[in-house]
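Colleague: What follows is run07.cif, made up of mmCIF, C-alpha atoms:
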data_final
#
loop_
_atom_site.label_atom_id
_atom_site.label_comp_id
_atom_site.auth_asym_id
_atom_site.auth_seq_id
_atom_site.Cartn_x
_atom_site.Cartn_y
_atom_site.Cartn_z
CA MET O 1 -29.29 -26.07 -39.11
CA SER O 2 -29.58 -29.85 -39.50
CA GLN O 3 -29.45 -29.73 -43.33
CA PRO O 4 -26.71 -27.94 -45.27
CA VAL O 5 -28.06 -24.66 -46.62
CA ARG O 6 -26.74 -22.81 -49.67
CA PRO O 7 -25.87 -19.16 -49.13
CA GLU O 8 -28.60 -17.93 -51.49
CA ASP O 9 -31.15 -20.01 -49.58
CA LYS O 10 -30.05 -18.38 -46.34
CA ILE O 11 -30.67 -14.95 -47.73
CA GLU O 12 -33.97 -15.92 -49.25
CA ASN O 13 -35.51 -17.69 -46.31
CA GLY O 14 -34.14 -15.42 -43.67
CA GLU O 15 -31.66 -17.91 -42.26
CA ARG O 16 -28.85 -15.43 -42.82
CA ARG O 17 -30.05 -13.63 -39.76
CA ALA O 18 -29.86 -16.87 -37.79
CA PHE O 19 -26.36 -17.50 -39.15
CA LEU O 20 -25.19 -14.05 -38.04
CA ALA O 21 -26.71 -14.54 -34.64
CA ALA O 22 -24.84 -17.85 -34.28
CA GLY O 23 -21.62 -16.07 -35.29
CA ALA O 24 -22.24 -13.40 -32.71
CA ALA O 25 -22.79 -16.06 -30.06
CA VAL O 26 -19.42 -17.66 -30.92
CA ALA O 27 -17.72 -14.26 -30.70
CA GLY O 28 -19.41 -13.74 -27.35
CA THR O 29 -17.97 -16.91 -25.87
CA ALA O 30 -14.58 -15.98 -27.25
CA ILE O 31 -14.76 -12.64 -25.49
CA ALA O 32 -16.21 -14.03 -22.29
CA PRO O 33 -12.98 -15.45 -20.78
CA GLY O 34 -11.23 -12.13 -21.34
CA VAL O 35 -14.11 -10.26 -19.76
CA LEU O 36 -14.08 -12.63 -16.81
CA LEU O 37 -10.34 -12.18 -16.30
CA TYR O 38 -10.72 -8.44 -16.46
CA GLY O 39 -13.49 -8.59 -13.87
CA MET O 40 -11.28 -10.62 -11.52
CA ALA O 41 -8.39 -8.20 -11.92
CA GLN O 42 -10.59 -5.25 -11.07
CA ALA O 43 -12.16 -6.62 -7.91
CA LYS O 44 -9.17 -8.58 -6.67
CA PRO O 45 -9.97 -10.86 -3.72
CA ALA O 46 -7.93 -9.89 -0.66
CA ASP O 47 -6.05 -13.21 -0.59
CA GLN O 48 -4.89 -13.01 -4.20
CA PRO O 49 -1.64 -11.32 -5.26
CA VAL O 50 -1.70 -8.42 -7.69
CA SER O 51 -1.39 -9.42 -11.30
CA ALA O 52 0.79 -8.18 -14.16
CA LYS O 53 -2.34 -8.29 -16.33
CA VAL O 54 -3.10 -4.89 -14.84
CA ARG O 55 -0.98 -1.79 -15.42
CA TRP O 56 -2.20 1.11 -13.36
CA GLY O 57 -1.72 4.44 -15.04
CA MET O 58 -2.76 8.04 -14.95
CA LEU O 59 -3.54 10.52 -17.69
CA ILE O 60 -3.33 14.22 -16.94
CA ASP O 61 -4.88 16.73 -19.31
CA THR O 62 -2.90 19.91 -18.80
CA THR O 63 -5.44 21.91 -20.80
CA LYS O 64 -8.01 21.24 -18.08
CA CYS O 65 -5.69 21.59 -15.12
CA ALA O 66 -6.40 25.00 -13.60
CA THR O 67 -3.56 27.38 -12.77
CA GLY O 68 -3.37 27.96 -9.03
CA CYS O 69 -5.67 25.03 -8.17
CA THR O 70 -4.12 22.67 -5.62
CA GLU O 71 -7.07 20.38 -4.91
CA CYS O 72 -5.08 17.28 -5.86
CA VAL O 73 -2.21 18.23 -3.57
CA THR O 74 -4.51 18.89 -0.62
CA ALA O 75 -6.37 15.63 -1.15
CA CYS O 76 -3.10 13.70 -1.29
CA ASN O 77 -1.91 15.31 1.93
CA THR O 78 -5.15 14.41 3.68
CA GLU O 79 -5.28 10.83 2.41
CA ASN O 80 -1.65 10.08 3.26
CA SER O 81 -1.40 12.26 6.38
CA LEU O 82 1.33 14.49 4.95
CA SER O 83 2.01 17.81 6.65
CA GLY O 84 1.38 19.86 3.53
CA LYS O 85 4.50 21.93 4.12
CA THR O 86 6.76 22.49 1.14
CA GLY O 87 10.15 23.09 2.74
CA PRO O 88 13.27 21.24 1.61
CA GLN O 89 12.80 18.62 4.33
CA ASP O 90 9.06 18.11 3.91
CA SER O 91 7.46 15.26 2.04
CA GLN O 92 5.67 16.13 -1.15
CA TRP O 93 4.11 13.26 -3.03
CA ILE O 94 2.46 15.47 -5.62
CA ARG O 95 3.36 19.04 -6.61
CA LYS O 96 1.75 21.58 -8.87
CA VAL O 97 4.15 22.83 -11.53
CA GLU O 98 3.60 25.96 -13.58
CA LEU O 99 5.44 26.00 -16.91
CA LYS O 100 5.92 28.73 -19.46
CA ASN O 101 7.28 28.23 -22.92
CA LEU O 102 9.58 31.23 -23.29
CA GLN O 103 9.42 31.12 -27.08
CA THR O 104 5.67 30.97 -27.50
CA GLY O 105 4.54 32.24 -24.13
CA ALA O 106 2.22 29.25 -23.70
CA ARG O 107 1.56 28.42 -20.07
CA HIS O 108 0.89 25.01 -18.61
CA SER O 109 -0.15 23.99 -15.15
CA LEU O 110 0.24 20.37 -14.20
CA PRO O 111 0.64 18.08 -11.23
CA MET O 112 3.95 16.22 -11.03
CA LEU O 113 4.11 12.99 -9.06
CA CYS O 114 5.84 9.62 -9.14
CA GLN O 115 5.49 8.53 -12.77
CA HIS O 116 5.38 4.82 -11.89
CA CYS O 117 7.82 3.87 -14.63
CA GLU O 118 7.97 0.43 -16.16
CA HIS O 119 11.77 0.69 -15.86
CA PRO O 120 12.16 2.81 -12.73
CA PRO O 121 15.64 4.27 -12.14
CA CYS O 122 14.91 4.33 -8.40
CA VAL O 123 14.55 0.55 -8.40
CA ASP O 124 17.72 0.15 -10.48
CA VAL O 125 19.87 1.99 -7.98
CA CYS O 126 18.36 0.85 -4.67
CA PRO O 127 21.14 -0.97 -2.79
CA THR O 128 18.83 -2.92 -0.48
CA GLY O 129 15.91 -3.83 -2.72
CA ALA O 130 13.55 -1.60 -0.77
CA SER O 131 12.50 0.27 -3.89
CA PHE O 132 10.48 -2.06 -6.04
CA ARG O 133 7.85 -2.22 -8.75
CA ARG O 134 4.74 -4.22 -7.98
CA ALA O 135 3.40 -6.59 -10.62
CA ASP O 136 0.58 -4.18 -11.42
CA GLY O 137 3.01 -1.35 -12.18
CA ILE O 138 2.90 0.58 -8.91
CA VAL O 139 6.37 1.64 -7.75
CA LEU O 140 6.72 1.52 -3.96
CA VAL O 141 9.26 1.73 -1.16
CA ASP O 142 9.34 -1.11 1.34
CA ARG O 143 10.09 0.89 4.47
CA HIS O 144 11.02 -2.28 6.35
CA ILE O 145 14.06 -2.58 4.08
CA CYS O 146 14.77 1.09 3.27
CA ILE O 147 17.91 2.42 4.96
CA GLY O 148 17.30 6.03 3.94
CA CYS O 149 20.38 6.37 1.72
CA ARG O 150 18.45 8.56 -0.74
CA TYR O 151 20.17 7.14 -3.80
CA CYS O 152 16.72 6.71 -5.38
CA MET O 153 15.96 10.38 -4.81
CA MET O 154 19.03 11.28 -6.84
CA ALA O 155 18.21 8.76 -9.56
CA CYS O 156 14.61 9.87 -10.08
CA PRO O 157 14.36 12.27 -13.05
CA TYR O 158 11.04 13.61 -11.75
CA LYS O 159 12.12 14.66 -8.25
CA ALA O 160 9.23 12.56 -7.02
CA ARG O 161 10.67 11.19 -3.79
CA SER O 162 11.13 12.63 -0.32
CA LEU O 163 12.91 11.51 2.82
CA VAL O 164 11.15 11.71 6.15
CA HIS O 165 13.49 13.69 8.38
CA GLU O 166 11.60 13.84 11.66
CA ASN O 167 9.61 11.51 13.87
CA LEU O 168 5.97 11.32 12.85
CA THR O 169 2.82 10.73 14.82
CA ASP O 170 -0.83 10.17 13.94
CA GLN O 171 -0.24 8.32 10.71
CA ASN O 172 -3.15 7.00 8.72
CA PRO O 173 -3.39 3.31 9.74
CA GLU O 174 -3.49 2.42 6.05
CA VAL O 175 -0.46 4.55 5.16
CA PRO O 176 2.43 3.79 7.51
CA ARG O 177 5.24 6.37 7.26
CA GLY O 178 8.21 7.08 9.47
CA LYS O 179 11.53 8.78 9.99
CA GLY O 180 14.54 7.65 7.99
CA CYS O 181 12.69 6.24 5.01
CA VAL O 182 12.23 7.51 1.49
CA GLU O 183 8.67 7.75 0.25
CA SER O 184 6.69 8.86 -2.76
CA CYS O 185 3.27 8.63 -4.38
CA THR O 186 1.82 5.14 -4.05
CA PHE O 187 -1.07 5.63 -6.49
CA CYS O 188 -3.15 5.35 -3.30
CA VAL O 189 -2.33 1.65 -3.23
CA GLN O 190 -4.61 1.18 -0.22
CA LYS O 191 -7.57 2.40 -2.26
CA VAL O 192 -6.55 0.45 -5.35
CA ASP O 193 -6.27 -2.79 -3.37
CA ARG O 194 -9.71 -2.17 -1.91
CA GLY O 195 -11.00 -2.12 -5.49
CA GLU O 196 -11.88 1.56 -5.57
CA ASN O 197 -9.78 2.02 -8.72
CA THR O 198 -9.20 5.67 -8.08
CA THR O 199 -6.79 7.88 -6.18
CA ALA O 200 -7.36 10.73 -3.77
CA CYS O 201 -5.99 13.32 -6.24
CA VAL O 202 -8.19 12.12 -9.09
CA GLU O 203 -11.26 12.12 -6.87
CA ALA O 204 -10.49 15.67 -5.72
CA CYS O 205 -9.89 16.90 -9.26
CA ASN O 206 -13.23 15.48 -10.37
CA ALA O 207 -15.00 16.84 -7.31
CA ALA O 208 -13.60 20.29 -8.10
CA GLY O 209 -15.08 19.96 -11.58
CA HIS O 210 -11.82 20.11 -13.55
CA LYS O 211 -11.71 16.44 -14.51
CA ALA O 212 -8.12 16.87 -15.64
CA MET O 213 -6.92 13.59 -14.15
CA LEU O 214 -7.86 10.07 -15.11
CA PHE O 215 -6.78 6.91 -13.32
CA GLY O 216 -7.22 3.38 -14.55
CA ASP O 217 -5.87 0.17 -16.01
CA LEU O 218 -3.84 0.87 -19.16
CA ASN O 219 -3.95 -2.84 -20.06
CA ASP O 220 -7.73 -3.03 -20.10
CA PRO O 221 -8.94 -1.96 -23.56
CA GLU O 222 -12.38 -1.17 -22.13
CA SER O 223 -11.11 1.28 -19.51
CA GLU O 224 -11.62 5.01 -19.97
CA ILE O 225 -7.90 5.71 -19.73
CA ALA O 226 -6.92 3.09 -22.32
CA LYS O 227 -9.55 4.41 -24.73
CA THR O 228 -8.43 8.01 -24.26
CA VAL O 229 -4.76 7.15 -24.64
CA LYS O 230 -5.59 5.24 -27.80
CA THR O 231 -7.66 8.05 -29.30
CA TYR O 232 -5.74 11.18 -28.38
CA ALA O 233 -2.08 12.12 -28.39
CA SER O 234 -0.40 11.96 -25.01
CA THR O 235 3.22 12.18 -23.99
CA GLU O 236 5.53 11.06 -21.24
CA VAL O 237 7.69 13.59 -19.46
CA ARG O 238 11.31 12.87 -20.42
CA ALA O 239 10.20 10.30 -22.96
CA ASP O 240 13.82 10.26 -24.14
CA LEU O 241 14.74 8.18 -21.08
CA ASN O 242 12.58 5.28 -22.33
CA LEU O 243 11.16 4.60 -18.88
CA ASN O 244 7.61 3.93 -20.14
CA THR O 245 5.97 5.94 -17.42
CA GLY O 246 2.56 5.03 -16.06
CA VAL O 247 1.65 8.71 -15.84
CA ARG O 248 1.06 10.42 -19.18
CA TYR O 249 0.26 14.02 -20.04
CA GLN O 250 -1.90 15.64 -22.68
CA GLY O 251 -1.32 19.12 -24.03
CA ILE O 252 2.35 19.60 -23.24
CA MET J 1 39.30 -48.59 61.27
CA ALA J 2 36.29 -47.28 63.15
CA ARG J 3 37.84 -43.85 63.41
CA LEU J 4 38.68 -43.76 59.77
CA ASP J 5 35.11 -44.74 58.90
CA LEU J 6 33.70 -41.95 61.05
CA ALA J 7 36.06 -39.43 59.50
CA SER J 8 35.11 -40.41 55.98
CA LYS J 9 31.39 -40.35 56.86
CA LEU J 10 31.76 -36.89 58.37
CA GLY J 11 33.65 -35.76 55.27
CA SER J 12 30.92 -36.89 52.88
CA TRP J 13 28.25 -35.27 55.07
CA LEU J 14 30.16 -32.02 55.04
CA ARG J 15 30.54 -32.14 51.27
CA PHE J 16 26.80 -32.75 50.90
CA ALA J 17 26.01 -29.82 53.18
CA ALA J 18 28.34 -27.58 51.21
CA LEU J 19 26.62 -28.59 47.98
CA ILE J 20 23.20 -27.75 49.42
CA GLY J 21 24.51 -24.39 50.61
CA ALA J 22 26.01 -23.55 47.25
CA ALA J 23 22.82 -24.48 45.47
CA ALA J 24 20.82 -22.25 47.78
CA VAL J 25 23.15 -19.30 47.18
CA LEU J 26 23.04 -19.77 43.41
CA ALA J 27 19.30 -20.11 43.35
CA ALA J 28 18.65 -17.09 45.54
CA PRO J 29 18.88 -14.35 42.88
CA SER J 30 16.33 -16.06 40.63
CA PHE J 31 13.91 -16.33 43.53
CA GLN J 32 14.41 -12.65 44.16
CA ALA J 33 13.79 -11.77 40.49
CA ALA J 34 10.60 -13.78 40.42
CA ALA J 35 9.42 -12.00 43.53
CA GLY J 36 10.53 -8.53 42.36
CA VAL J 37 9.03 -8.11 38.88
CA ASP J 38 5.37 -8.74 38.26
CA LYS J 39 4.39 -10.58 35.15
CA PRO J 40 2.71 -8.26 32.65
CA LYS J 41 -1.01 -7.95 33.00
CA LEU J 42 -2.57 -7.85 29.58
CA GLU J 43 -5.83 -6.21 28.77
CA ARG J 44 -8.26 -8.62 27.17
CA GLY J 45 -8.84 -7.84 23.49
CA LYS J 46 -12.20 -7.33 21.89
CA GLY J 47 -14.02 -10.32 20.49
CA GLU J 48 -14.27 -13.97 21.48
CA ARG J 49 -10.73 -15.13 20.93
CA CYS J 50 -7.49 -14.31 19.14
CA VAL J 51 -6.90 -15.45 15.54
CA GLU J 52 -4.55 -18.15 16.90
CA ASP J 53 -4.06 -19.83 20.27
CA THR J 54 -2.57 -17.58 22.92
CA ASP J 55 0.50 -19.79 23.43
CA PHE J 56 1.15 -19.85 19.71
CA MET J 57 0.74 -16.10 19.43
CA ARG J 58 3.15 -15.48 22.34
CA ARG J 59 5.92 -17.31 20.56
CA ASN J 60 5.13 -16.67 16.92
CA HIS J 61 3.33 -13.36 16.49
CA MET J 62 6.49 -11.76 15.11
CA GLN J 63 6.87 -14.40 12.41
CA LEU J 64 3.21 -14.06 11.42
CA LEU J 65 3.51 -10.29 11.21
CA LYS J 66 6.73 -10.39 9.23
CA HIS J 67 5.33 -12.90 6.76
CA HIS J 68 2.15 -10.92 6.35
CA ARG J 69 3.96 -7.63 5.93
CA ASP J 70 5.95 -8.99 2.98
CA GLU J 71 2.88 -10.53 1.39
CA THR J 72 0.97 -7.27 1.68
CA MET J 73 3.79 -4.97 0.70
CA HIS J 74 5.10 -6.82 -2.32
CA ARG J 75 2.17 -8.87 -3.55
CA GLY J 76 -0.78 -6.78 -2.47
CA ILE J 77 -2.36 -9.57 -0.41
CA ARG J 78 -4.56 -7.84 2.11
CA THR J 79 -6.19 -10.54 4.19
CA THR J 80 -7.02 -9.31 7.67
CA LYS J 81 -6.36 -12.43 9.77
CA HIS J 82 -2.66 -11.79 10.49
CA SER J 83 -2.48 -8.10 9.70
CA LEU J 84 -1.01 -5.61 12.14
CA LYS J 85 -4.05 -3.43 11.58
CA GLY J 86 -6.19 -6.34 12.76
CA CYS J 87 -4.11 -6.70 15.94
CA VAL J 88 -4.50 -3.01 16.72
CA GLU J 89 -8.23 -3.06 16.13
CA CYS J 90 -8.76 -5.77 18.77
CA HIS J 91 -6.04 -4.95 21.26
CA ALA J 92 -6.16 -1.15 21.49
CA SER J 93 -6.55 -0.22 25.13
CA GLU J 94 -9.91 1.04 26.33
CA LYS J 95 -8.20 3.74 28.35
CA THR J 96 -5.73 5.13 25.83
CA GLY J 97 -7.26 3.80 22.61
CA SER J 98 -3.79 2.63 21.62
CA VAL J 99 -1.63 -0.51 21.76
CA ALA J 100 1.56 1.33 22.64
CA ALA J 101 0.80 4.70 24.24
CA THR J 102 1.68 3.66 27.80
CA LYS J 103 3.62 0.80 29.37
CA GLU J 104 0.36 -0.90 30.31
CA ASP J 105 -0.95 -1.05 26.75
CA PHE J 106 -1.05 -4.44 25.06
CA CYS J 107 2.19 -4.45 23.07
CA MET J 108 4.25 -2.45 25.50
CA ALA J 109 3.24 -4.49 28.55
CA CYS J 110 5.09 -7.59 27.35
CA HIS J 111 7.80 -5.80 25.44
CA THR J 112 8.75 -3.72 28.45
CA TYR J 113 8.83 -6.88 30.60
CA ALA J 114 11.00 -8.70 28.05
CA SER J 115 13.13 -5.63 27.24
CA VAL J 116 12.54 -6.00 23.52
CA LYS J 117 12.45 -2.73 21.62
CA LEU J 118 9.64 -2.26 19.12
CA ASP J 119 10.14 -0.36 15.86
CA CYS J 120 6.66 -1.04 14.47
CA TRP J 121 5.14 2.10 15.93
CA ASP J 122 7.69 4.47 14.43
CA CYS J 123 5.70 4.13 11.21
CA HIS J 124 2.48 2.24 11.94
CA ALA J 125 -0.49 3.83 13.69
CA THR J 126 -1.01 2.56 17.23
CA LYS J 127 -4.69 3.39 17.14
CA PRO J 128 -7.41 1.76 15.06
CA MET J 129 -8.75 3.49 12.00
CA ALA J 130 -11.21 6.24 12.88
CA LYS J 131 -14.61 5.34 11.53
CA LYS J 132 -15.10 7.02 8.19
CA PRO J 133 -18.11 9.25 7.62
CA ALA J 134 -20.55 8.06 4.98
CA LYS J 135 -19.44 8.73 1.44
CA THR J 136 -20.00 12.31 0.37
CA GLU J 137 -22.06 13.16 -2.66
CA ALA J 138 -19.03 14.59 -4.41
CA ALA J 139 -17.16 11.31 -4.11
CA ALA J 140 -20.15 9.36 -5.37
CA GLU J 141 -20.53 11.71 -8.30
CA ALA J 142 -16.86 11.45 -9.14
CA LYS J 143 -17.18 7.69 -9.39
CA THR J 144 -20.05 7.74 -11.82
CA SER J 145 -19.05 10.71 -13.97
CA PRO J 146 -17.83 9.92 -17.49
CA LEU J 147 -14.22 10.94 -16.93
CA MET J 148 -12.57 12.82 -19.73
CA ALA J 149 -15.34 11.74 -22.08
CA ASN J 150 -15.46 15.16 -23.65
CA THR J 151 -11.77 15.41 -24.45
CA GLN J 152 -11.44 17.02 -27.85
CA ASN J 153 -8.77 17.73 -30.47
CA GLY J 154 -6.22 15.48 -28.87
CA GLY J 155 -6.05 17.48 -25.70
CA ALA J 156 -4.28 20.35 -27.50
CA LYS J 157 -4.77 23.89 -26.32
CA PRO J 158 -8.09 25.30 -27.57
#
In structure tokens, what does this structure look like?

Modeller:
Amino acid sequence: MSQPVRPEDKIENGERRAFLAAGAAVAGTAIAPGVLLYGMAQAKPADQPVSAKVRWGMLIDTTKCATGCTECVTACNTENSLSGKTGPQDSQWIRKVELKNLQTGARHSLPMLCQHCEHPPCVDVCPTGASFRRADGIVLVDRHICIGCRYCMMACPYKARSLVHENLTDQNPEVPRGKGCVESCTFCVQKVDRGENTTACVEACNAAGHKAMLFGDLNDPESEIAKTVKTYASTEVRADLNLNTGVRYQGI
Amino acid sequence: MARLDLASKLGSWLRFAALIGAAAVLAAPSFQAAAGVDKPKLERGKGERCVEDTDFMRRNHMQLLKHHRDETMHRGIRTTKHSLKGCVECHASEKTGSVAATKEDFCMACHTYASVKLDCWDCHATKPMAKKPAKTEAAAEAKTSPLMANTQNGGAKP
């Protein structure tokens, strides 16, 4: 490449190939920093804070979700040491919902959980700042600050939150929960921070062979969830509220 | 003059004696307290030494824990040095397996002595994490499977 070469020469003497290879190398270096950043975000060192470069999200394919199957609910209860009861005073972080379109008769079965909104109404209304959205898009309750007023439960359009009414024992050391605080799905934040990049419900759904749930980083163009969301139509529940939910559904 | 001198000397001696007496009376209850309540006996934790000096930890463990809790909760920083989980792992009692099950357990021993109520254990586990069984095949398979790769026709009903 020391002497200037005319384009026709390149083609004739096979240097075009070399030129393309050089171009590819340049593109590679251009991509490399992005790839590196992505790698860091995925396997976050324990002493680094979470980054807004990541947006955790979930995609649920209601056409694959089996009616009557509650694997995801059971797995969530086990992971987060929930009782599994479904009374009005029991915590439910994820529920199975069966829908029927009365006009067409079409039936849908889907899990409903905290939608991890970009603009969460629960955070808007929280009087103490206990309800907050982490930089990586996970909406959480800081139980140290929560006073149990339940305003967030009323504000949530998805009925995703529960109040703990009774004293608890035998909590999972990674999932502290206690009386007088509001709680909801955490996207298995303990697993996510460990770098597992999955949740208990998604693991259970895959293990049961349905593969109706997909968890990942919506901001990473290489992730399975981002590719699927880009390729196929998916919707938010109550998209009219403009909350930009992290959980999206296919087939409803 | 001599009489006056004697009287004034006697007076000052009496005052001194009264002072000593009063001091003894005032000091008595604290002597009693020191004799009556034993200092807490703490079980030695696992491992060589604590993450900080013992004196420092006695005075500042609450600040460390509070700082760490906010860092973990809001920013996802999960270092283990000052985490409550780390404390529990080292200091859980050999007898009860817990840091707060009985009044002799590590946290409760001091907190009972100092009459400081603890809210930590309303939510946090007082026992270390049970050792997890090796990863099941199903979990391993779930990790490697091409999730949703075969989604077709936009996820619409077939």

Colleague: Hey, which of O:Thr70, O:Ser223, O:Thr63, O:Gln190 ends up closest to chain J? Count only C-alpha atoms.

Modeller: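 Closest residue, counting only C-alpha atoms: O:Thr63.
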
Colleague: Report the residues retrieved by the PyMOL selection byres ((chain O) within 7 of (chain J)) from the displayed file, expressed as a ChimeraX atom specification.

Modeller: /O:46-50,61,63,134,142,170-173,176-178,193,203,206-207,211,214,232-233,250-251

Colleague: Between CA of Phe187 (chain O) and CA of Thr199 (chain O), measure the distance and give it in Å to one decimal.

Modeller: 6.2 Å

Colleague: Could you list, as a ChimeraX atom specification, every residue within 6 Å of region 156-165 of chain O, counting all atoms listed in the file and ignoring same-chain residues fewer than 5 positions away?

Modeller: /O:91,113-114,122,179-184

Colleague: How many Å lie between CA of Glu196 (chain O) and CA of Phe215 (chain O), rounded to one decimal?

Modeller: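 Taking CA of Glu196 (chain O) and CA of Phe215 (chain O), their separation equals 10.7 Å.
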
Colleague: If the PyMOL selection byres ((chain J and resi 103) around 12) were run on this exact file, what residues would it hold? Put them as a list in words.

Modeller: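 When the PyMOL selection byres ((chain J and resi 103) around 12) is applied to the shown file, the picked residues are Pro40, Lys41, Leu42, Glu43, Ser93, Thr96, Ser98, Val99, Ala100, Ala101, Thr102, Glu104, Asp105, Phe106, Cys107, Met108, Ala109, Cys110, His111, Thr112, Tyr113 and Ser115 of chain J.
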
Colleague: Take CA of Arg150 (chain O) and CA of Leu243 (chain O) and report the distance between them in Å, one decimal.

Modeller: 19.9 Å

Colleague: Here is a test: counting all atoms listed in the file, which residue of O:Asn219, O:Thr169, O:Thr245, O:Thr62 is nearest to Leu82 (chain O)?

Modeller: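 Distance minimum relative to Leu82 (chain O) lands on O:Thr169.
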